[in-house]
Amino acid sequence: MSYSAAPSNSPVTLARPMEKIVRTARSIVAWVWLLSILLALLELRGTIEFSSPQLCAVVRAIPWLLVFPASQHFGISRWLGCSLWLGLVGVAVLGVLTFFMGGILLIQALFFFFGGANAWNTSFVYSEANFARYVKQVDISHRDSRDIVLLSITPWVRIPVAPSIFDVQHWTPVQKDFAYFGPDSAKQRAEDQRASRFRFCTKQRARLDSLDRLHLLPPQVLLPATQQGAGTLGCVLGRQVWCVPMHPAPEPIDCSATKAMGWETMNGHVSFIMQADRLYDSFYIDLPYPLPRKPGNWPATLSIVWAWRSANNQPATWGSAPGAAVVTVTRLDTVAHIIAGTFTGTLYRPYPKDRTKRKKIPYGQMERMQVSQGRFDLRYEPGLYHETP
């Protein structure tokens with residue numbers, strides 16, 4: 001009796017390589033799990049730092065995500081995986097149940113941990129030499145800072161070392177924000193230009209504000225009521241013209257600013273807000289949101305804040321009675337995102353003798369200031385923006 005050999009492509013022959021591949025994959029997963037635990041412990045102790053929060057978050061999450069296949073490979077009881085997950089879920093549930101009694105701190109800790117937040121964050125680079133950078137770091141609470149040397153052992157992992165063991169004073173000077181070394185340095189340069197203009201405008205506003213208090217600025221004249229998204233807003237407050245940008249401008253470079261957008265506050269109030277800033281004054285128009293699809297008359301809330309015309313070091317704020325001001329929209333272009341129109345109303349604020357009273361004061365018993373000849377011509381940001389803590 002004779003027997004023939006099994007075909008080379010039989011199920012038994014094909015199963016053996018597949019089993020070897022599966023065993024190899026499980027082994028790789030298990031050692032990745034073990035390595036991630038080691039790296040996470042070293043990072044939490046401050047021995048190493050990761051190059052990005054995303055990488056840090058992945059390393060911290062792997063011990064939970066791969067614990068069951070790793071336990072199977074190393075022959076560890078499943079109690080390890082169950083304990084890790086039960087502990088994590090237990091902390092999350094406890095944080096939710098005691099949210100307003102301190103549980104928010106637990107939720108915040110979980111968010112920071114799995115979000116890759118570091119205890120120390122690099123903010124500025126002083127100098128560098130080869131694979132080392134002498135940097136400034138601030139802690140997560142922004143209450144403390146330190147100078148440290150970061151040694152890049154790989155593109156993804158750095159080791160913080162005391163600067164005293166290096167001759168950092170003779171390294172190549174850098175003197176740049178650390179964000180310049182991130183993946184989007186063009187965005188950082190744009191932000192640096194914005195910050196530079198902000199510092200310049202802050203100085204200019206302080207100087208012009210002093211001139212304004214001494215009544216040395218030229219009398220302002222209202223800009224025309226245009227509808228081209230010119231970024232203008234103005235009105236007559238009592239007998240005084242208030243406009244952005246200032247016209248005539250006290251100097252060629254204008255630091256006035258306007259913006260318009262849908263806005264939701266942390267308490268859930270939603271409105272369409274138009275804001276104009278001039279020197280240290282800010283004028284606000286609040287409209288219903290979402291905006292109606294056609295021009296017309298809408299009820300609105302007007303307010304103005306004079307930061308320096310203050311009582312008891314508090315900004316002097318005037319506001320209209322709810323729904324009493326009227327805005328007439330003459331153009332609403334949802335393609336070019338332009339909103340233009342006119343407004344009128346009356347602003348109120350309590351008399352000095354009543355500002356410390358806690359009870360609500362009727363508008364008829366307050367100071368008042370008429371708003372007339374109001375006009376705005378702004379480009380607005382589409383969508384709804386949310387206030388953050």
# chains A, B, ... in the order shown; residues from 1 in each chain; ligands from 1
call {"tool": "residues_around", "arguments": {"residues": "range 147-157 of chain A", "least_positions_apart": "3", "cutoff": "7 Å", "atoms": "only C-alpha atoms", "output": "PyMOL selection string"}}
result
chain A and resi 48-51+131-137+160-163
call {"tool": "residues_around", "arguments": {"residues": "range 291-308 of chain A", "least_positions_apart": "6", "cutoff": "8 Å", "atoms": "only C-alpha atoms", "output": "list in words"}}
result
Phe272, Tyr280, Asp281, Ser282, Phe283, Tyr284, Ile285, Gln314, Pro315, Ala316, Thr317, Trp318, Gly319, Ser320, Ala321, Pro322, Gly323, Ala324, Ala325, Val326, Val327, Thr328, Val329, Thr330, Arg331, Leu332, Gly345 and Leu347 of chain A
call {"tool": "write_last_selection", "arguments": {"atoms": "N, CA, C and O atoms", "output": "tab-separated table (two decimals), in the first residue's frame"}}
result
chain	number	residue	atom	x	y	z
A	272	PHE	N	-24.82	87.70	18.48
A	272	PHE	CA	-23.89	88.16	17.45
A	272	PHE	C	-23.32	89.47	17.96
A	272	PHE	O	-24.05	90.43	18.18
A	280	TYR	N	-8.22	103.09	24.79
A	280	TYR	CA	-8.64	102.15	25.82
A	280	TYR	C	-10.16	102.10	25.93
A	280	TYR	O	-10.70	101.67	26.94
A	281	ASP	N	-10.86	102.52	24.89
A	281	ASP	CA	-12.32	102.48	24.87
A	281	ASP	C	-12.77	101.32	24.00
A	281	ASP	O	-12.14	101.00	22.99
A	282	SER	N	-13.88	100.70	24.37
A	282	SER	CA	-14.45	99.61	23.58
A	282	SER	C	-15.95	99.81	23.48
A	282	SER	O	-16.63	100.05	24.49
A	283	PHE	N	-16.49	99.70	22.24
A	283	PHE	CA	-17.92	99.83	21.99
A	283	PHE	C	-18.44	98.48	21.51
A	283	PHE	O	-17.81	97.82	20.68
A	284	TYR	N	-19.62	98.08	22.03
A	284	TYR	CA	-20.17	96.77	21.71
A	284	TYR	C	-21.61	96.91	21.22
A	284	TYR	O	-22.39	97.72	21.74
A	285	ILE	N	-21.95	96.10	20.22
A	285	ILE	CA	-23.33	95.96	19.76
A	285	ILE	C	-23.65	94.47	19.78
A	285	ILE	O	-22.98	93.67	19.13
A	314	GLN	N	-12.69	100.83	38.85
A	314	GLN	CA	-13.50	99.97	38.01
A	314	GLN	C	-13.82	100.68	36.70
A	314	GLN	O	-14.09	101.88	36.69
A	315	PRO	N	-13.78	99.96	35.54
A	315	PRO	CA	-14.09	100.62	34.27
A	315	PRO	C	-15.48	101.24	34.29
A	315	PRO	O	-16.42	100.71	34.88
A	316	ALA	N	-15.60	102.41	33.64
A	316	ALA	CA	-16.89	103.09	33.53
A	316	ALA	C	-17.65	102.46	32.38
A	316	ALA	O	-17.29	102.61	31.21
A	317	THR	N	-18.71	101.73	32.69
A	317	THR	CA	-19.49	101.01	31.69
A	317	THR	C	-20.88	101.60	31.57
A	317	THR	O	-21.58	101.76	32.58
A	318	TRP	N	-21.27	101.92	30.34
A	318	TRP	CA	-22.61	102.36	30.04
A	318	TRP	C	-23.29	101.28	29.19
A	318	TRP	O	-22.65	100.69	28.32
A	319	GLY	N	-24.57	101.03	29.44
A	319	GLY	CA	-25.28	100.03	28.67
A	319	GLY	C	-26.71	100.44	28.41
A	319	GLY	O	-27.32	101.20	29.18
A	320	SER	N	-27.27	99.94	27.31
A	320	SER	CA	-28.66	100.25	26.96
A	320	SER	C	-29.62	99.32	27.69
A	320	SER	O	-29.24	98.24	28.13
A	321	ALA	N	-30.86	99.75	27.83
A	321	ALA	CA	-31.89	98.89	28.39
A	321	ALA	C	-32.16	97.75	27.41
A	321	ALA	O	-32.05	97.92	26.20
A	322	PRO	N	-32.48	96.54	27.90
A	322	PRO	CA	-32.68	95.39	27.01
A	322	PRO	C	-33.73	95.68	25.94
A	322	PRO	O	-34.86	96.07	26.24
A	323	GLY	N	-33.34	95.49	24.68
A	323	GLY	CA	-34.28	95.65	23.57
A	323	GLY	C	-34.62	97.08	23.21
A	323	GLY	O	-35.41	97.30	22.30
A	324	ALA	N	-34.05	98.07	23.91
A	324	ALA	CA	-34.43	99.46	23.66
A	324	ALA	C	-33.68	100.07	22.48
A	324	ALA	O	-34.20	100.95	21.79
A	325	ALA	N	-32.44	99.64	22.25
A	325	ALA	CA	-31.67	100.15	21.11
A	325	ALA	C	-32.16	99.48	19.82
A	325	ALA	O	-32.66	98.35	19.84
A	326	VAL	N	-31.99	100.17	18.73
A	326	VAL	CA	-32.45	99.66	17.43
A	326	VAL	C	-31.29	99.68	16.45
A	326	VAL	O	-30.61	100.70	16.31
A	327	VAL	N	-31.07	98.56	15.78
A	327	VAL	CA	-30.08	98.46	14.72
A	327	VAL	C	-30.80	98.22	13.40
A	327	VAL	O	-31.66	97.34	13.31
A	328	THR	N	-30.47	99.00	12.40
A	328	THR	CA	-31.01	98.82	11.06
A	328	THR	C	-29.92	98.28	10.15
A	328	THR	O	-28.93	98.98	9.89
A	329	VAL	N	-30.04	97.03	9.75
A	329	VAL	CA	-29.05	96.42	8.88
A	329	VAL	C	-29.38	96.77	7.44
A	329	VAL	O	-30.48	96.48	6.95
A	330	THR	N	-28.45	97.42	6.77
A	330	THR	CA	-28.67	97.83	5.37
A	330	THR	C	-28.02	96.88	4.38
A	330	THR	O	-28.36	96.88	3.21
A	331	ARG	N	-27.05	96.05	4.85
A	331	ARG	CA	-26.46	95.03	3.99
A	331	ARG	C	-26.02	93.84	4.84
A	331	ARG	O	-25.36	94.02	5.86
A	332	LEU	N	-26.43	92.65	4.41
A	332	LEU	CA	-25.98	91.41	5.05
A	332	LEU	C	-25.60	90.45	3.93
A	332	LEU	O	-26.45	89.83	3.31
A	345	GLY	N	-29.91	104.64	20.11
A	345	GLY	CA	-30.32	104.13	21.41
A	345	GLY	C	-29.93	105.08	22.52
A	345	GLY	O	-29.48	106.21	22.28
A	347	LEU	N	-27.80	105.06	26.36
A	347	LEU	CA	-26.95	104.33	27.29
A	347	LEU	C	-27.20	104.84	28.71
A	347	LEU	O	-27.43	106.03	28.93
call {"tool": "residues_around", "arguments": {"residues": "range 225-237 of chain A", "least_positions_apart": "6", "cutoff": "8 Å", "atoms": "only C-alpha atoms", "output": "ChimeraX atom specification"}}
result
/A:243-245,257-259,276,330-331,338-342,369-379
call {"tool": "write_last_selection", "arguments": {"atoms": "N, CA, C and O atoms", "output": "mmCIF file, in the first residue's frame"}}
result
data_model
loop_
_atom_site.group_PDB
_atom_site.id
_atom_site.type_symbol
_atom_site.label_atom_id
_atom_site.label_comp_id
_atom_site.auth_asym_id
_atom_site.auth_seq_id
_atom_site.Cartn_x
_atom_site.Cartn_y
_atom_site.Cartn_z
ATOM 1 N N CYS A 243 -15.454 107.163 17.032
ATOM 2 C CA CYS A 243 -15.366 106.374 15.805
ATOM 3 C C CYS A 243 -14.092 105.550 15.762
ATOM 4 O O CYS A 243 -13.088 105.899 16.383
ATOM 5 N N VAL A 244 -14.169 104.450 15.044
ATOM 6 C CA VAL A 244 -13.040 103.552 14.787
ATOM 7 C C VAL A 244 -13.027 103.232 13.299
ATOM 8 O O VAL A 244 -14.047 102.784 12.757
ATOM 9 N N PRO A 245 -11.902 103.504 12.607
ATOM 10 C CA PRO A 245 -10.682 104.118 13.139
ATOM 11 C C PRO A 245 -10.890 105.603 13.420
ATOM 12 O O PRO A 245 -11.846 106.206 12.945
ATOM 13 N N ALA A 257 -9.136 98.629 16.185
ATOM 14 C CA ALA A 257 -9.480 97.274 15.784
ATOM 15 C C ALA A 257 -10.984 97.072 15.856
ATOM 16 O O ALA A 257 -11.661 97.621 16.736
ATOM 17 N N THR A 258 -11.516 96.284 14.935
ATOM 18 C CA THR A 258 -12.935 95.913 14.944
ATOM 19 C C THR A 258 -13.044 94.417 14.687
ATOM 20 O O THR A 258 -12.180 93.819 14.049
ATOM 21 N N LYS A 259 -14.115 93.818 15.171
ATOM 22 C CA LYS A 259 -14.395 92.417 14.872
ATOM 23 C C LYS A 259 -15.882 92.160 15.057
ATOM 24 O O LYS A 259 -16.585 92.897 15.774
ATOM 25 N N ALA A 276 -15.671 97.290 18.681
ATOM 26 C CA ALA A 276 -14.697 98.243 18.156
ATOM 27 C C ALA A 276 -13.847 98.757 19.314
ATOM 28 O O ALA A 276 -14.391 99.198 20.335
ATOM 29 N N THR A 330 -28.450 97.420 6.771
ATOM 30 C CA THR A 330 -28.672 97.828 5.374
ATOM 31 C C THR A 330 -28.017 96.876 4.384
ATOM 32 O O THR A 330 -28.361 96.877 3.205
ATOM 33 N N ARG A 331 -27.047 96.049 4.853
ATOM 34 C CA ARG A 331 -26.464 95.030 3.993
ATOM 35 C C ARG A 331 -26.021 93.841 4.844
ATOM 36 O O ARG A 331 -25.356 94.016 5.855
ATOM 37 N N ILE A 338 -20.097 90.338 5.001
ATOM 38 C CA ILE A 338 -20.134 91.773 5.306
ATOM 39 C C ILE A 338 -21.463 92.093 5.975
ATOM 40 O O ILE A 338 -22.520 91.645 5.511
ATOM 41 N N ILE A 339 -21.412 92.850 7.046
ATOM 42 C CA ILE A 339 -22.615 93.353 7.693
ATOM 43 C C ILE A 339 -22.444 94.854 7.885
ATOM 44 O O ILE A 339 -21.409 95.315 8.373
ATOM 45 N N ALA A 340 -23.444 95.618 7.453
ATOM 46 C CA ALA A 340 -23.378 97.083 7.540
ATOM 47 C C ALA A 340 -24.753 97.607 7.914
ATOM 48 O O ALA A 340 -25.783 96.980 7.620
ATOM 49 N N GLY A 341 -24.770 98.761 8.590
ATOM 50 C CA GLY A 341 -26.046 99.348 8.969
ATOM 51 C C GLY A 341 -25.879 100.537 9.875
ATOM 52 O O GLY A 341 -24.781 101.118 9.991
ATOM 53 N N THR A 342 -26.979 100.908 10.535
ATOM 54 C CA THR A 342 -26.997 102.064 11.427
ATOM 55 C C THR A 342 -27.606 101.651 12.759
ATOM 56 O O THR A 342 -28.255 100.602 12.867
ATOM 57 N N MET A 369 -27.141 108.755 28.349
ATOM 58 C CA MET A 369 -26.386 109.377 27.266
ATOM 59 C C MET A 369 -26.968 108.887 25.948
ATOM 60 O O MET A 369 -27.086 107.677 25.727
ATOM 61 N N GLN A 370 -27.345 109.823 25.089
ATOM 62 C CA GLN A 370 -27.982 109.476 23.825
ATOM 63 C C GLN A 370 -26.951 109.019 22.799
ATOM 64 O O GLN A 370 -25.866 109.598 22.682
ATOM 65 N N VAL A 371 -27.287 107.965 22.066
ATOM 66 C CA VAL A 371 -26.471 107.474 20.958
ATOM 67 C C VAL A 371 -27.217 107.796 19.670
ATOM 68 O O VAL A 371 -28.346 107.349 19.468
ATOM 69 N N SER A 372 -26.578 108.562 18.789
ATOM 70 C CA SER A 372 -27.233 108.950 17.539
ATOM 71 C C SER A 372 -26.251 108.840 16.376
ATOM 72 O O SER A 372 -25.035 108.770 16.573
ATOM 73 N N GLN A 373 -26.777 108.823 15.168
ATOM 74 C CA GLN A 373 -25.996 108.760 13.930
ATOM 75 C C GLN A 373 -25.031 107.577 13.900
ATOM 76 O O GLN A 373 -23.965 107.637 13.298
ATOM 77 N N GLY A 374 -25.376 106.492 14.586
ATOM 78 C CA GLY A 374 -24.508 105.321 14.613
ATOM 79 C C GLY A 374 -24.456 104.633 13.262
ATOM 80 O O GLY A 374 -25.467 104.530 12.559
ATOM 81 N N ARG A 375 -23.283 104.164 12.878
ATOM 82 C CA ARG A 375 -23.119 103.409 11.636
ATOM 83 C C ARG A 375 -21.963 102.416 11.792
ATOM 84 O O ARG A 375 -21.011 102.671 12.521
ATOM 85 N N PHE A 376 -22.088 101.264 11.113
ATOM 86 C CA PHE A 376 -21.035 100.253 11.134
ATOM 87 C C PHE A 376 -20.939 99.614 9.757
ATOM 88 O O PHE A 376 -21.922 99.534 9.006
ATOM 89 N N ASP A 377 -19.747 99.181 9.418
ATOM 90 C CA ASP A 377 -19.470 98.527 8.133
ATOM 91 C C ASP A 377 -18.328 97.544 8.379
ATOM 92 O O ASP A 377 -17.159 97.910 8.299
ATOM 93 N N LEU A 378 -18.677 96.289 8.701
ATOM 94 C CA LEU A 378 -17.696 95.321 9.181
ATOM 95 C C LEU A 378 -17.725 94.029 8.365
ATOM 96 O O LEU A 378 -18.747 93.666 7.786
ATOM 97 N N ARG A 379 -16.587 93.348 8.360
ATOM 98 C CA ARG A 379 -16.529 91.967 7.891
ATOM 99 C C ARG A 379 -16.630 91.068 9.118
ATOM 100 O O ARG A 379 -15.953 91.303 10.112
#
call {"tool": "select_by_dssp", "arguments": {"residues": "range 31-165 of chain A", "states": "strand (DSSP E)", "output": "MDAnalysis selection string"}}
result
chainID A and resid 49:50 120:129 132:139 145:152 157:161
call {"tool": "atom_distance", "arguments": {"atom1": "CA of Leu384 in chain A", "atom2": "CA of Gln275 in chain A"}}
result
15.4 Å
call {"tool": "closest_residue", "arguments": {"among": "A:Leu216, A:Ile107, A:Val138, A:Leu287", "to": "Pro250 in chain A", "atoms": "only C-alpha atoms"}}
result
A:Leu216
call {"tool": "atom_distance", "arguments": {"atom1": "CA of Gly90 in chain A", "atom2": "CA of Leu35 in chain A"}}
result
25.7 Å
call {"tool": "residues_around", "arguments": {"residues": "Thr388 in chain A", "least_positions_apart": "6", "cutoff": "10 Å", "atoms": "only C-alpha atoms", "output": "ChimeraX atom specification"}}
result
/A:264-266
call {"tool": "atom_distance", "arguments": {"atom1": "CA of Leu211 in chain A", "atom2": "CA of Glu367 in chain A"}}
result
26.1 Å
call {"tool": "decode", "arguments": {"residues": "range 226-243 of chain A", "atoms": "N, CA and C atoms", "output": "PDB file, in the first residue's frame"}}
result
ATOM      1  N   THR A 226     -20.704 103.513   4.916  1.00  0.00           N
ATOM      2  CA  THR A 226     -20.425 102.676   3.749  1.00  0.00           C
ATOM      3  C   THR A 226     -20.961 101.256   3.952  1.00  0.00           C
ATOM      4  N   GLN A 227     -20.843 100.441   2.902  1.00  0.00           N
ATOM      5  CA  GLN A 227     -21.334  99.051   2.943  1.00  0.00           C
ATOM      6  C   GLN A 227     -20.358  98.115   2.232  1.00  0.00           C
ATOM      7  N   GLN A 228     -19.077  98.344   2.376  1.00  0.00           N
ATOM      8  CA  GLN A 228     -18.072  97.549   1.667  1.00  0.00           C
ATOM      9  C   GLN A 228     -17.198  96.721   2.604  1.00  0.00           C
ATOM     10  N   GLY A 229     -17.556  96.600   3.880  1.00  0.00           N
ATOM     11  CA  GLY A 229     -16.714  95.875   4.818  1.00  0.00           C
ATOM     12  C   GLY A 229     -15.453  96.643   5.149  1.00  0.00           C
ATOM     13  N   ALA A 230     -15.567  97.962   5.336  1.00  0.00           N
ATOM     14  CA  ALA A 230     -14.404  98.825   5.537  1.00  0.00           C
ATOM     15  C   ALA A 230     -13.814  98.717   6.943  1.00  0.00           C
ATOM     16  N   GLY A 231     -14.470  97.992   7.870  1.00  0.00           N
ATOM     17  CA  GLY A 231     -13.955  97.872   9.224  1.00  0.00           C
ATOM     18  C   GLY A 231     -14.141  99.121  10.051  1.00  0.00           C
ATOM     19  N   THR A 232     -15.246  99.831   9.850  1.00  0.00           N
ATOM     20  CA  THR A 232     -15.508 101.084  10.554  1.00  0.00           C
ATOM     21  C   THR A 232     -16.729 100.959  11.452  1.00  0.00           C
ATOM     22  N   LEU A 233     -16.726 101.720  12.546  1.00  0.00           N
ATOM     23  CA  LEU A 233     -17.871 101.817  13.442  1.00  0.00           C
ATOM     24  C   LEU A 233     -17.787 103.170  14.130  1.00  0.00           C
ATOM     25  N   GLY A 234     -18.897 103.888  14.161  1.00  0.00           N
ATOM     26  CA  GLY A 234     -18.885 105.195  14.792  1.00  0.00           C
ATOM     27  C   GLY A 234     -20.279 105.663  15.163  1.00  0.00           C
ATOM     28  N   CYS A 235     -20.330 106.680  16.007  1.00  0.00           N
ATOM     29  CA  CYS A 235     -21.606 107.261  16.421  1.00  0.00           C
ATOM     30  C   CYS A 235     -21.319 108.561  17.150  1.00  0.00           C
ATOM     31  N   VAL A 236     -22.397 109.248  17.526  1.00  0.00           N
ATOM     32  CA  VAL A 236     -22.296 110.435  18.365  1.00  0.00           C
ATOM     33  C   VAL A 236     -22.796 110.057  19.746  1.00  0.00           C
ATOM     34  N   LEU A 237     -21.907 110.157  20.753  1.00  0.00           N
ATOM     35  CA  LEU A 237     -22.259 109.858  22.130  1.00  0.00           C
ATOM     36  C   LEU A 237     -22.505 111.181  22.842  1.00  0.00           C
ATOM     37  N   GLY A 238     -23.783 111.483  23.067  1.00  0.00           N
ATOM     38  CA  GLY A 238     -24.114 112.792  23.619  1.00  0.00           C
ATOM     39  C   GLY A 238     -23.769 113.860  22.601  1.00  0.00           C
ATOM     40  N   ARG A 239     -22.696 114.614  22.846  1.00  0.00           N
ATOM     41  CA  ARG A 239     -22.227 115.625  21.890  1.00  0.00           C
ATOM     42  C   ARG A 239     -20.848 115.284  21.333  1.00  0.00           C
ATOM     43  N   GLN A 240     -20.337 114.094  21.655  1.00  0.00           N
ATOM     44  CA  GLN A 240     -18.975 113.732  21.266  1.00  0.00           C
ATOM     45  C   GLN A 240     -19.005 112.644  20.198  1.00  0.00           C
ATOM     46  N   VAL A 241     -18.179 112.822  19.164  1.00  0.00           N
ATOM     47  CA  VAL A 241     -18.055 111.801  18.122  1.00  0.00           C
ATOM     48  C   VAL A 241     -17.103 110.718  18.605  1.00  0.00           C
ATOM     49  N   TRP A 242     -17.532 109.466  18.462  1.00  0.00           N
ATOM     50  CA  TRP A 242     -16.701 108.304  18.802  1.00  0.00           C
ATOM     51  C   TRP A 242     -16.642 107.423  17.572  1.00  0.00           C
ATOM     52  N   CYS A 243     -15.454 107.163  17.032  1.00  0.00           N
ATOM     53  CA  CYS A 243     -15.366 106.374  15.805  1.00  0.00           C
ATOM     54  C   CYS A 243     -14.092 105.550  15.762  1.00  0.00           C
TER      55      CYS A 243
END
